[in-house]
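Have a look at input.txt below; it lists compact mmCIF, C-alpha atoms.
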# COMPACT_ATOMS: atom_id res chain seq x y z
CA MET A 1 -24.49 -6.51 -38.54
CA GLN A 2 -24.83 -9.04 -41.37
CA GLU A 3 -24.82 -12.49 -39.76
CA ILE A 4 -23.73 -15.77 -41.27
CA ARG A 5 -25.47 -19.10 -41.03
CA GLN A 6 -23.17 -21.55 -39.33
CA ALA A 7 -23.99 -24.17 -41.96
CA ASP A 8 -22.50 -21.91 -44.64
CA LEU A 9 -19.09 -22.19 -42.97
CA VAL A 10 -18.68 -25.63 -44.53
CA ARG A 11 -17.80 -23.91 -47.83
CA VAL A 12 -15.23 -21.74 -46.02
CA LYS A 13 -13.69 -24.83 -44.39
CA SER A 14 -12.94 -26.27 -47.81
CA ILE A 15 -11.05 -23.08 -48.66
CA LYS A 16 -9.30 -23.31 -45.31
CA ASN A 17 -8.05 -26.82 -45.98
CA ALA A 18 -6.84 -25.91 -49.46
CA ALA A 19 -5.05 -22.72 -48.35
CA ASN A 20 -3.20 -24.21 -45.36
CA VAL A 21 -5.04 -21.96 -42.91
CA ALA A 22 -4.01 -22.35 -39.29
CA ALA A 23 -7.36 -21.66 -37.65
CA MET A 24 -10.86 -20.42 -38.31
CA GLY A 25 -12.73 -18.92 -35.38
CA PRO A 26 -16.46 -18.18 -35.70
CA THR A 27 -17.76 -15.50 -33.31
CA VAL A 28 -21.27 -14.44 -32.35
CA LEU A 29 -21.77 -11.01 -30.80
CA GLY A 30 -24.67 -9.45 -28.92
CA ALA A 31 -25.42 -6.86 -26.28
CA VAL A 32 -26.57 -8.14 -22.89
CA GLU A 33 -27.28 -6.55 -19.51
CA VAL A 34 -25.12 -7.52 -16.55
CA LYS A 35 -25.59 -5.83 -13.16
CA ASP A 36 -27.60 -3.00 -14.79
CA ARG A 37 -24.84 -2.36 -17.33
CA LYS A 38 -24.84 -3.00 -21.06
CA VAL A 39 -21.91 -5.17 -22.14
CA LEU A 40 -21.00 -6.99 -25.34
CA LEU A 41 -21.14 -10.76 -25.12
CA ALA A 42 -18.88 -12.68 -27.50
CA GLY A 43 -19.25 -16.37 -28.14
CA VAL A 44 -16.02 -17.85 -29.47
CA ASP A 45 -14.31 -21.14 -30.21
CA PHE A 46 -11.62 -21.24 -27.53
CA GLN A 47 -9.64 -23.93 -29.36
CA ALA A 48 -9.27 -21.64 -32.37
CA THR A 49 -8.63 -18.66 -30.11
CA LYS A 50 -5.41 -20.26 -28.84
CA ILE A 51 -4.03 -19.90 -32.38
CA LEU A 52 -5.78 -16.71 -33.41
CA LYS A 53 -4.86 -14.79 -30.25
CA PRO A 54 -1.71 -16.32 -28.77
CA TRP A 55 -1.05 -13.14 -26.77
CA TRP A 56 -3.97 -13.87 -24.43
CA GLN A 57 -2.88 -14.47 -20.85
CA LEU A 58 -5.59 -16.08 -18.78
CA ALA A 59 -5.86 -15.95 -14.99
CA GLY A 60 -8.16 -18.91 -14.38
CA THR A 61 -9.55 -21.57 -16.67
CA VAL A 62 -11.29 -21.74 -20.04
CA PRO A 63 -15.07 -21.40 -19.56
CA SER A 64 -17.29 -24.47 -19.52
CA ASP A 65 -20.83 -24.57 -20.91
CA PHE A 66 -22.05 -22.19 -18.20
CA GLY A 67 -18.95 -20.09 -17.68
CA VAL A 68 -17.64 -16.76 -18.92
CA LEU A 69 -14.25 -15.19 -19.42
CA LEU A 70 -14.01 -11.48 -18.65
CA GLY A 71 -11.77 -8.91 -20.26
CA SER A 72 -9.71 -6.95 -17.75
CA GLU A 73 -11.71 -3.73 -18.17
CA ALA A 74 -15.05 -5.55 -18.10
CA ALA A 75 -14.04 -7.28 -14.85
CA ARG A 76 -13.07 -3.92 -13.32
CA ILE A 77 -16.27 -2.13 -14.37
CA LEU A 78 -18.55 -5.00 -13.31
CA ALA A 79 -16.54 -5.55 -10.07
CA LEU A 80 -16.34 -9.30 -10.70
CA GLU A 81 -13.60 -11.79 -9.88
CA THR A 82 -12.88 -15.41 -10.71
CA GLY A 83 -15.52 -17.62 -9.10
CA ASP A 84 -18.25 -14.96 -8.98
CA HIS A 85 -21.65 -15.53 -10.56
CA LEU A 86 -23.64 -13.27 -12.89
CA LYS A 87 -26.97 -13.47 -14.67
CA VAL A 88 -27.29 -13.06 -18.43
CA ASN A 89 -30.78 -13.14 -19.95
CA GLY A 90 -32.08 -15.17 -17.02
CA SER A 91 -29.22 -17.71 -17.02
CA GLU A 92 -26.67 -17.85 -14.21
CA LEU A 93 -23.07 -18.07 -15.35
CA GLN A 94 -19.83 -18.36 -13.41
CA VAL A 95 -16.66 -16.34 -14.05
CA SER A 96 -14.02 -18.96 -14.78
CA GLY A 97 -11.17 -16.56 -15.56
CA ILE A 98 -10.07 -13.01 -16.32
CA LEU A 99 -7.88 -11.91 -19.23
CA ALA A 100 -4.73 -9.93 -18.64
CA PRO A 101 -4.84 -6.46 -20.23
CA THR A 102 -4.34 -6.68 -24.01
CA GLY A 103 -4.72 -3.03 -24.99
CA SER A 104 -7.45 -3.99 -27.48
CA GLN A 105 -11.24 -4.17 -27.57
CA ASP A 106 -10.99 -7.61 -25.93
CA ASP A 107 -10.53 -5.86 -22.57
CA GLN A 108 -14.16 -4.64 -22.66
CA LEU A 109 -15.81 -7.93 -23.75
CA VAL A 110 -17.40 -10.84 -21.93
CA PHE A 111 -16.46 -14.14 -23.59
CA THR A 112 -18.23 -17.48 -23.45
CA ARG A 113 -18.46 -20.62 -25.55
CA LEU A 114 -19.99 -20.24 -29.00
CA ASP A 115 -23.00 -22.49 -28.44
CA THR A 116 -23.67 -20.89 -25.03
CA ALA A 117 -23.68 -17.38 -26.52
CA GLN A 118 -25.92 -18.48 -29.41
CA SER A 119 -28.42 -19.83 -26.92
CA LEU A 120 -28.31 -16.75 -24.67
CA LEU A 121 -28.62 -14.36 -27.62
CA HIS A 122 -31.25 -16.51 -29.38
CA LYS A 123 -29.01 -16.78 -32.44
CA GLU A 124 -28.84 -20.56 -32.77
CA GLY A 125 -26.93 -21.63 -35.87
CA ARG A 126 -25.73 -18.10 -36.70
CA VAL A 127 -22.43 -16.27 -36.26
CA SER A 128 -21.56 -12.57 -36.49
CA MET A 129 -18.07 -12.87 -37.94
CA VAL A 130 -15.34 -15.38 -38.69
CA GLU A 131 -11.63 -14.81 -38.13
CA VAL A 132 -9.22 -16.74 -40.33
CA ALA A 133 -5.47 -17.04 -39.69
CA ALA A 134 -3.15 -18.23 -42.46
CA LEU A 135 -0.17 -20.44 -41.65
CA CYS A 136 2.14 -19.63 -44.53
CA ASN A 137 4.75 -17.16 -45.71
CA ALA A 138 3.67 -14.67 -48.40
CA CYS A 139 0.15 -16.10 -48.41
CA PRO A 140 -2.10 -15.24 -51.38
CA ILE A 141 -4.31 -13.02 -49.24
CA GLU A 142 -6.22 -11.44 -52.11
CA ALA A 143 -6.98 -14.83 -53.62
CA MET A 144 -8.22 -16.14 -50.28
CA VAL A 145 -10.44 -13.08 -49.81
CA SER A 146 -11.86 -13.58 -53.29
CA GLN A 147 -12.57 -17.27 -52.63
CA ILE A 148 -14.25 -16.61 -49.29
CA SER A 149 -16.31 -13.80 -50.83
CA GLY A 150 -17.45 -16.24 -53.50
CA ALA A 151 -18.36 -18.84 -50.87
CA LEU A 152 -20.27 -16.25 -48.79
CA PRO A 153 -21.62 -13.74 -51.33
CA GLU A 154 -23.86 -11.90 -48.87
CA THR A 155 -21.12 -11.14 -46.37
CA LYS A 156 -18.38 -8.53 -46.17
CA VAL A 157 -14.89 -10.07 -46.29
CA MET A 158 -11.91 -7.94 -45.26
CA ALA A 159 -8.20 -8.69 -45.10
CA ILE A 160 -6.60 -7.00 -42.11
CA GLN A 161 -3.16 -7.50 -43.64
CA GLN A 162 -3.19 -3.95 -44.99
CA VAL A 163 -4.18 -2.55 -41.60
CA VAL A 164 -1.49 -4.51 -39.80
CA GLN A 165 1.08 -3.59 -42.44
CA GLY A 166 0.19 0.09 -42.14
CA ARG A 167 0.53 -0.04 -38.37
CA MET A 168 3.84 -1.86 -38.62
CA GLU A 169 5.16 0.76 -41.05
CA THR A 170 4.06 3.53 -38.68
CA LEU A 171 5.79 1.78 -35.79
CA ASP A 172 8.90 1.33 -37.92
CA TYR A 173 8.98 5.07 -38.74
CA PHE A 174 8.48 5.93 -35.09
CA ARG A 175 11.24 3.48 -34.11
CA LYS A 176 13.67 5.09 -36.56
CA PHE A 177 12.69 8.53 -35.30
CA SER A 178 13.27 7.43 -31.70
CA TYR A 179 16.71 6.07 -32.66
CA GLY A 180 17.59 9.46 -34.16
CA VAL A 181 16.37 11.32 -31.08
CA THR A 182 18.31 8.92 -28.85
CA ALA A 183 21.50 9.48 -30.86
CA VAL A 184 21.11 13.27 -30.55
CA LEU A 185 20.46 12.99 -26.82
CA VAL A 186 23.51 10.75 -26.35
CA LEU A 187 25.67 13.24 -28.26
CA VAL A 188 24.37 16.21 -26.27
CA GLY A 189 24.73 14.30 -23.00
CA SER A 190 28.31 13.34 -23.86
CA LEU A 191 29.19 16.96 -24.64
CA VAL A 192 27.63 18.10 -21.35
CA VAL A 193 29.67 15.51 -19.42
CA LEU A 194 32.83 16.51 -21.31
CA VAL A 195 32.37 20.23 -20.57
CA THR A 196 31.49 19.53 -16.93
CA MET A 197 34.53 17.33 -16.34
CA MET A 198 36.79 19.83 -18.12
CA GLY A 199 35.55 22.55 -15.78
CA SER A 200 36.00 20.27 -12.78
CA VAL A 201 39.60 19.53 -13.75
CA ARG A 202 40.39 23.25 -14.18
CA GLU A 203 38.86 24.05 -10.80
CA ARG A 204 40.93 21.36 -9.12
CA THR A 205 44.27 22.18 -10.67
CA SER A 206 45.82 22.97 -7.27
CA GLU A 207 44.45 19.79 -5.70
CA ILE A 208 45.81 17.68 -8.55
CA GLY A 209 49.19 19.45 -8.19
CA ILE A 210 49.28 18.57 -4.47
CA PHE A 211 48.50 14.93 -5.29
CA ARG A 212 51.28 14.86 -7.88
CA ALA A 213 53.71 16.49 -5.43
CA MET A 214 52.82 13.84 -2.83
CA GLY A 215 53.87 11.11 -5.26
CA PHE A 216 50.66 10.30 -7.10
CA ARG A 217 51.38 9.06 -10.59
CA ARG A 218 49.54 10.09 -13.72
CA SER A 219 47.69 6.77 -13.76
CA HIS A 220 46.46 7.47 -10.22
CA VAL A 221 45.07 10.85 -11.28
CA ILE A 222 43.34 9.28 -14.29
CA ARG A 223 41.77 6.64 -12.06
CA ILE A 224 40.51 9.27 -9.59
CA VAL A 225 38.86 11.31 -12.35
CA LEU A 226 37.33 8.25 -14.03
CA LEU A 227 36.14 6.86 -10.70
CA GLU A 228 34.34 10.09 -9.94
CA ALA A 229 32.81 10.13 -13.42
CA GLY A 230 31.75 6.49 -13.10
CA ILE A 231 30.02 7.02 -9.74
CA ILE A 232 28.18 10.12 -10.95
CA SER A 233 27.19 8.39 -14.21
CA ALA A 234 25.87 5.34 -12.34
CA MET A 235 23.77 7.53 -10.05
CA ALA A 236 22.51 9.50 -13.05
CA GLY A 237 21.64 6.28 -14.91
CA ILE A 238 19.65 4.86 -11.98
CA LEU A 239 17.87 8.14 -11.32
CA GLY A 240 17.14 8.64 -15.03
CA TYR A 241 15.63 5.18 -15.42
CA LEU A 242 13.46 5.59 -12.32
CA VAL A 243 12.23 9.01 -13.47
CA GLY A 244 11.53 7.70 -16.98
CA PHE A 245 9.73 4.60 -15.64
CA GLY A 246 7.62 6.63 -13.24
CA SER A 247 6.79 9.28 -15.85
CA THR A 248 5.73 6.63 -18.36
CA LYS A 249 3.57 4.83 -15.81
CA PHE A 250 1.93 8.11 -14.81
CA ALA A 251 1.40 9.49 -18.32
CA LEU A 252 0.41 6.32 -20.19
CA PRO A 253 -3.26 6.27 -19.02
CA PHE A 254 -3.71 9.82 -20.35
CA PHE A 255 -2.54 8.76 -23.83
CA THR A 256 -4.30 5.38 -23.99
CA GLY A 257 -7.51 6.50 -22.28
CA SER A 258 -7.54 3.31 -20.20
CA ASN A 259 -6.12 2.17 -16.89
CA ALA A 260 -5.79 -1.39 -18.17
CA THR A 261 -2.43 -0.79 -19.83
CA ALA A 262 0.44 -1.62 -17.50
CA VAL A 263 4.12 -0.66 -17.61
CA ILE A 264 6.25 -3.67 -16.70
CA PHE A 265 9.62 -3.29 -15.04
CA ASP A 266 12.26 -4.77 -17.35
CA PRO A 267 15.51 -5.62 -15.55
CA VAL A 268 17.34 -6.08 -18.85
CA LEU A 269 16.32 -2.60 -20.00
CA ALA A 270 17.27 -1.15 -16.60
CA ALA A 271 20.69 -2.81 -16.75
CA GLY A 272 21.15 -1.56 -20.32
CA ALA A 273 20.28 2.02 -19.31
CA LEU A 274 22.69 1.85 -16.38
CA GLY A 275 25.46 0.39 -18.56
CA ALA A 276 24.91 3.00 -21.27
CA ALA A 277 25.05 5.84 -18.73
CA ILE A 278 28.29 4.55 -17.21
CA PHE A 279 29.88 3.98 -20.62
CA MET A 280 28.90 7.44 -21.87
CA GLY A 281 30.18 9.09 -18.69
CA LEU A 282 33.52 7.27 -18.76
CA ALA A 283 34.03 7.80 -22.49
CA SER A 284 33.35 11.53 -22.14
CA SER A 285 35.73 11.79 -19.16
CA VAL A 286 38.77 10.17 -20.77
CA TYR A 287 40.04 13.42 -22.33
CA PRO A 288 39.60 15.50 -19.13
CA ALA A 289 41.33 12.71 -17.17
CA LEU A 290 44.31 12.80 -19.55
CA LEU A 291 44.51 16.59 -19.20
CA ALA A 292 44.45 16.27 -15.43
CA ALA A 293 47.27 13.72 -15.54
CA ARG A 294 49.41 16.06 -17.66
CA ILE A 295 49.24 18.93 -15.18
CA ASP A 296 52.73 19.96 -14.06
CA PRO A 297 52.81 19.82 -10.24
CA THR A 298 55.28 22.73 -10.13
CA ASP A 299 53.00 25.02 -12.09
CA ALA A 300 50.00 23.90 -10.05
CA LEU A 301 51.72 24.61 -6.74
CA ARG A 302 53.01 27.96 -8.00
CA ALA A 303 49.42 28.99 -8.64
CA LEU A 304 48.52 28.56 -4.95
Take the structure in this file and express it as structure tokens.
Amino acid sequence: MQEIRQADLVRVKSIKNAANVAAMGPTVLGAVEVKDRKVLLAGVDFQATKILKPWWQLAGTVPSDFGVLLGSEAARILALETGDHLKVNGSELQVSGILAPTGSQDDQLVFTRLDTAQSLLHKEGRVSMVEVAALCNACPIEAMVSQISGALPETKVMAIQQVVQGRMETLDYFRKFSYGVTAVLVLVGSLVVLVTMMGSVRERTSEIGIFRAMGFRRSHVIRIVLLEAGIISAMAGILGYLVGFGSTKFALPFFTGSNATAVIFDPVLAAGALGAAIFMGLASSVYPALLAARIDPTDALRAL
């Protein structure tokens, strides 16, 4: 890996100030041995990390000069918790915190302060890479890349905007595809409910005729049919959400290849699924309910 002298970052800072860049985070990387396992040690500027990686959720505190922050997967593999001690290249460090799963390479890293990592890795005054975040809309990314490349001619400068944009476009296509699949499933589900309720009404023609002969009004019959549809739809919505949640939680590790990814219960999503199931069931049962209310009690009783 081509490393950068930390003194050369002064030229990048001038570009940063001119381009309204939010943060610049130098990072030094190196392999170390912890508890007979090879892990990647990353020395970072935690002040810049707050801006560069706002999605980090830390259980504990930011490391001091002799502290480390473990990714979730690194903590699991090394069997370490907050407050434990570990040795790195002869120096004893304390685990000050553990990151919540991020689904990225950060889960496998061991983080410490930049100067501490440089000392442990014997890379004083050098960094492995620098992350730069721009605080502007429609930033001149290509121009910034060109300026940084000119300031650091012996380094490789990449803009991850294209990568992020490609991933966002892929997610957008997948989101549109999922909307289409959802619409088809809702249509098919509505037709299934409609056919089922129509069959139920035909099978209960005699019962509906008895109700009508006993003095039940058409509105009463409609309410009975819709009440039944609402109860069944609510049960189906709850069961469907639980099955979907459990299936996702069970299958996700096979697709991600990691146990660090968690499926969080979302009460808003659960309420939305329940409401959608009830609405679809009631909407599909309106026509069968109207047919049931129009049944002539005389004809129904004659069929007995």
Next on the checklist: Show me, as JSON, numbers by chain, the residues that have an atom within 7 Å of range 222-228 of chain A when counting only C-alpha atoms, minus same-chain residues fewer than 6 positions from it.
Outcome noted: {"A": [282, 285, 289, 290, 293]}
Checklist entry - Contacts of range 32-42 of chain A at 10 Å or less, counting all atoms listed in the file, minus same-chain residues fewer than 5 places along, as a ChimeraX atom specification? => result /A:27,68-70,74,77-79,86-89,106,108-114,116-118,120-121,128
Kindly save the residues from that selection, with C-alpha atoms included, as an mmCIF file, keeping the file's coordinate frame.
data_model
loop_
_atom_site.group_PDB
_atom_site.id
_atom_site.type_symbol
_atom_site.label_atom_id
_atom_site.label_comp_id
_atom_site.auth_asym_id
_atom_site.auth_seq_id
_atom_site.Cartn_x
_atom_site.Cartn_y
_atom_site.Cartn_z
ATOM 1 C CA THR A 27 -17.760 -15.500 -33.310
ATOM 2 C CA VAL A 68 -17.640 -16.760 -18.920
ATOM 3 C CA LEU A 69 -14.250 -15.190 -19.420
ATOM 4 C CA LEU A 70 -14.010 -11.480 -18.650
ATOM 5 C CA ALA A 74 -15.050 -5.550 -18.100
ATOM 6 C CA ILE A 77 -16.270 -2.130 -14.370
ATOM 7 C CA LEU A 78 -18.550 -5.000 -13.310
ATOM 8 C CA ALA A 79 -16.540 -5.550 -10.070
ATOM 9 C CA LEU A 86 -23.640 -13.270 -12.890
ATOM 10 C CA LYS A 87 -26.970 -13.470 -14.670
ATOM 11 C CA VAL A 88 -27.290 -13.060 -18.430
ATOM 12 C CA ASN A 89 -30.780 -13.140 -19.950
ATOM 13 C CA ASP A 106 -10.990 -7.610 -25.930
ATOM 14 C CA GLN A 108 -14.160 -4.640 -22.660
ATOM 15 C CA LEU A 109 -15.810 -7.930 -23.750
ATOM 16 C CA VAL A 110 -17.400 -10.840 -21.930
ATOM 17 C CA PHE A 111 -16.460 -14.140 -23.590
ATOM 18 C CA THR A 112 -18.230 -17.480 -23.450
ATOM 19 C CA ARG A 113 -18.460 -20.620 -25.550
ATOM 20 C CA LEU A 114 -19.990 -20.240 -29.000
ATOM 21 C CA THR A 116 -23.670 -20.890 -25.030
ATOM 22 C CA ALA A 117 -23.680 -17.380 -26.520
ATOM 23 C CA GLN A 118 -25.920 -18.480 -29.410
ATOM 24 C CA LEU A 120 -28.310 -16.750 -24.670
ATOM 25 C CA LEU A 121 -28.620 -14.360 -27.620
ATOM 26 C CA SER A 128 -21.560 -12.570 -36.490
#
Next on the checklist: Calculated over all atoms listed in the file, which of the candidates A:Ala183, A:Ile295, A:Gly281, A:Gly30 has the smallest distance to Arg126 in chain A?
Outcome noted: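 Using all atoms listed in the file, the shortest distance to Arg126 in chain A belongs to A:Gly30.
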Next on the checklist: Please report the interatomic distance between CA of Glu73 in chain A and CA of Leu93 in chain A in Å with one decimal.
Outcome noted: 18.5 Å
Contacts of range 264-270 of chain A within 9 Å, all atoms listed in the file, excl. fewer than 5 positions in-chain, as a compact mmCIF listing (two decimals) with C-alpha atoms, keeping the file's coordinate frame:
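Ended up saving to around.txt:
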# COMPACT_ATOMS: atom_id res chain seq x y z
CA GLY A 237 21.64 6.28 -14.91
CA ILE A 238 19.65 4.86 -11.98
CA TYR A 241 15.63 5.18 -15.42
CA LEU A 242 13.46 5.59 -12.32
CA PHE A 245 9.73 4.60 -15.64
CA LYS A 249 3.57 4.83 -15.81
CA GLY A 275 25.46 0.39 -18.56
What are the centre and edge lengths in Å, to one decimal, of the axis-aligned box around all listed atoms of range 280-292 of chain A with 3 Å added on each side, as AutoDock Vina command-line options?
--center_x 36.7 --center_y 11.9 --center_z -19.0 --size_x 21.6 --size_y 15.3 --size_z 13.1
Next on the checklist: Would you pick out the contacts of Gly25 in chain A at 10 Å or less, using only C-alpha atoms, so that residues sharing its chain but fewer than 3 positions from it are not included, and give the list as a PyMOL selection string?
Outcome noted: chain A and resi 44-52+114+129-133
Item to check | Best match for closeness to Thr298 in chain A among A:Ala271, A:Gly209, A:Met235, A:Thr248, counting only C-alpha atoms | outcome: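 Of A:Ala271, A:Gly209, A:Met235, A:Thr248, the one nearest Thr298 in chain A, counting only C-alpha atoms, is A:Gly209.
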Item to check | Point-to-point distance from CA of Met197 in chain A to CA of Ser178 in chain A, Å rounded to tenths | outcome: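 Separation between CA of Met197 in chain A and CA of Ser178 in chain A: 28.0 Å.
Across A:Asp296, A:Thr182, A:Tyr287, A:Val201, the tightest approach to Ala213 in chain A is made by A:Asp296 when counting only C-alpha atoms.
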Checklist entry - Distance CA of Leu99 in chain A-CA of Asp172 in chain A, one decimal place? => result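 So the answer is 28.4 Å.
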Next on the checklist: List the spatial neighbours of Val193 in chain A as a ChimeraX atom specification - criterion: any atom at most 10 Å away, all atoms listed in the file, same-chain residues fewer than 5 positions off excluded.
Outcome noted: /A:187-188,198-199,229,233,280-285,288
Complete the atom set of range 115-136 of chain A to N, CA and C atoms and return it as an mmCIF file, in the frame of the given file.
data_model
loop_
_atom_site.group_PDB
_atom_site.id
_atom_site.type_symbol
_atom_site.label_atom_id
_atom_site.label_comp_id
_atom_site.auth_asym_id
_atom_site.auth_seq_id
_atom_site.Cartn_x
_atom_site.Cartn_y
_atom_site.Cartn_z
ATOM 1 N N ASP A 115 -21.634 -21.971 -28.534
ATOM 2 C CA ASP A 115 -23.000 -22.490 -28.440
ATOM 3 C C ASP A 115 -23.755 -21.860 -27.269
ATOM 4 N N THR A 116 -23.024 -21.547 -26.171
ATOM 5 C CA THR A 116 -23.670 -20.890 -25.030
ATOM 6 C C THR A 116 -24.147 -19.502 -25.408
ATOM 7 N N ALA A 117 -23.305 -18.734 -26.097
ATOM 8 C CA ALA A 117 -23.680 -17.380 -26.520
ATOM 9 C C ALA A 117 -24.831 -17.421 -27.515
ATOM 10 N N GLN A 118 -24.827 -18.382 -28.439
ATOM 11 C CA GLN A 118 -25.920 -18.480 -29.410
ATOM 12 C C GLN A 118 -27.244 -18.732 -28.713
ATOM 13 N N SER A 119 -27.200 -19.547 -27.665
ATOM 14 C CA SER A 119 -28.420 -19.830 -26.920
ATOM 15 C C SER A 119 -28.889 -18.617 -26.131
ATOM 16 N N LEU A 120 -27.945 -17.917 -25.474
ATOM 17 C CA LEU A 120 -28.310 -16.750 -24.670
ATOM 18 C C LEU A 120 -28.818 -15.606 -25.532
ATOM 19 N N LEU A 121 -28.248 -15.460 -26.728
ATOM 20 C CA LEU A 121 -28.620 -14.360 -27.620
ATOM 21 C C LEU A 121 -29.733 -14.746 -28.596
ATOM 22 N N HIS A 122 -30.206 -16.003 -28.484
ATOM 23 C CA HIS A 122 -31.250 -16.510 -29.380
ATOM 24 C C HIS A 122 -30.801 -16.411 -30.844
ATOM 25 N N LYS A 123 -29.571 -16.796 -31.094
ATOM 26 C CA LYS A 123 -29.010 -16.780 -32.440
ATOM 27 C C LYS A 123 -28.471 -18.171 -32.789
ATOM 28 N N GLU A 124 -29.279 -19.194 -32.506
ATOM 29 C CA GLU A 124 -28.840 -20.560 -32.770
ATOM 30 C C GLU A 124 -28.505 -20.741 -34.253
ATOM 31 N N GLY A 125 -27.328 -21.329 -34.498
ATOM 32 C CA GLY A 125 -26.930 -21.630 -35.870
ATOM 33 C C GLY A 125 -26.431 -20.437 -36.650
ATOM 34 N N ARG A 126 -26.188 -19.282 -35.984
ATOM 35 C CA ARG A 126 -25.730 -18.100 -36.700
ATOM 36 C C ARG A 126 -24.492 -17.538 -36.003
ATOM 37 N N VAL A 127 -23.634 -16.916 -36.793
ATOM 38 C CA VAL A 127 -22.430 -16.270 -36.260
ATOM 39 C C VAL A 127 -22.359 -14.856 -36.829
ATOM 40 N N SER A 128 -21.670 -13.964 -36.073
ATOM 41 C CA SER A 128 -21.560 -12.570 -36.490
ATOM 42 C C SER A 128 -20.374 -12.334 -37.390
ATOM 43 N N MET A 129 -19.277 -13.026 -37.124
ATOM 44 C CA MET A 129 -18.070 -12.870 -37.940
ATOM 45 C C MET A 129 -17.215 -14.110 -37.790
ATOM 46 N N VAL A 130 -16.267 -14.243 -38.706
ATOM 47 C CA VAL A 130 -15.340 -15.380 -38.690
ATOM 48 C C VAL A 130 -13.937 -14.839 -38.894
ATOM 49 N N GLU A 131 -13.027 -15.182 -37.999
ATOM 50 C CA GLU A 131 -11.630 -14.810 -38.130
ATOM 51 C C GLU A 131 -10.844 -15.982 -38.691
ATOM 52 N N VAL A 132 -10.018 -15.705 -39.672
ATOM 53 C CA VAL A 132 -9.220 -16.740 -40.330
ATOM 54 C C VAL A 132 -7.758 -16.348 -40.256
ATOM 55 N N ALA A 133 -6.919 -17.270 -39.775
ATOM 56 C CA ALA A 133 -5.470 -17.040 -39.690
ATOM 57 C C ALA A 133 -4.763 -17.982 -40.627
ATOM 58 N N ALA A 134 -3.883 -17.436 -41.477
ATOM 59 C CA ALA A 134 -3.150 -18.230 -42.460
ATOM 60 C C ALA A 134 -1.798 -18.640 -41.897
ATOM 61 N N LEU A 135 -1.439 -19.895 -42.119
ATOM 62 C CA LEU A 135 -0.170 -20.440 -41.650
ATOM 63 C C LEU A 135 0.745 -20.650 -42.849
ATOM 64 N N CYS A 136 1.243 -19.539 -43.385
ATOM 65 C CA CYS A 136 2.140 -19.630 -44.530
ATOM 66 C C CYS A 136 2.872 -18.314 -44.685
#
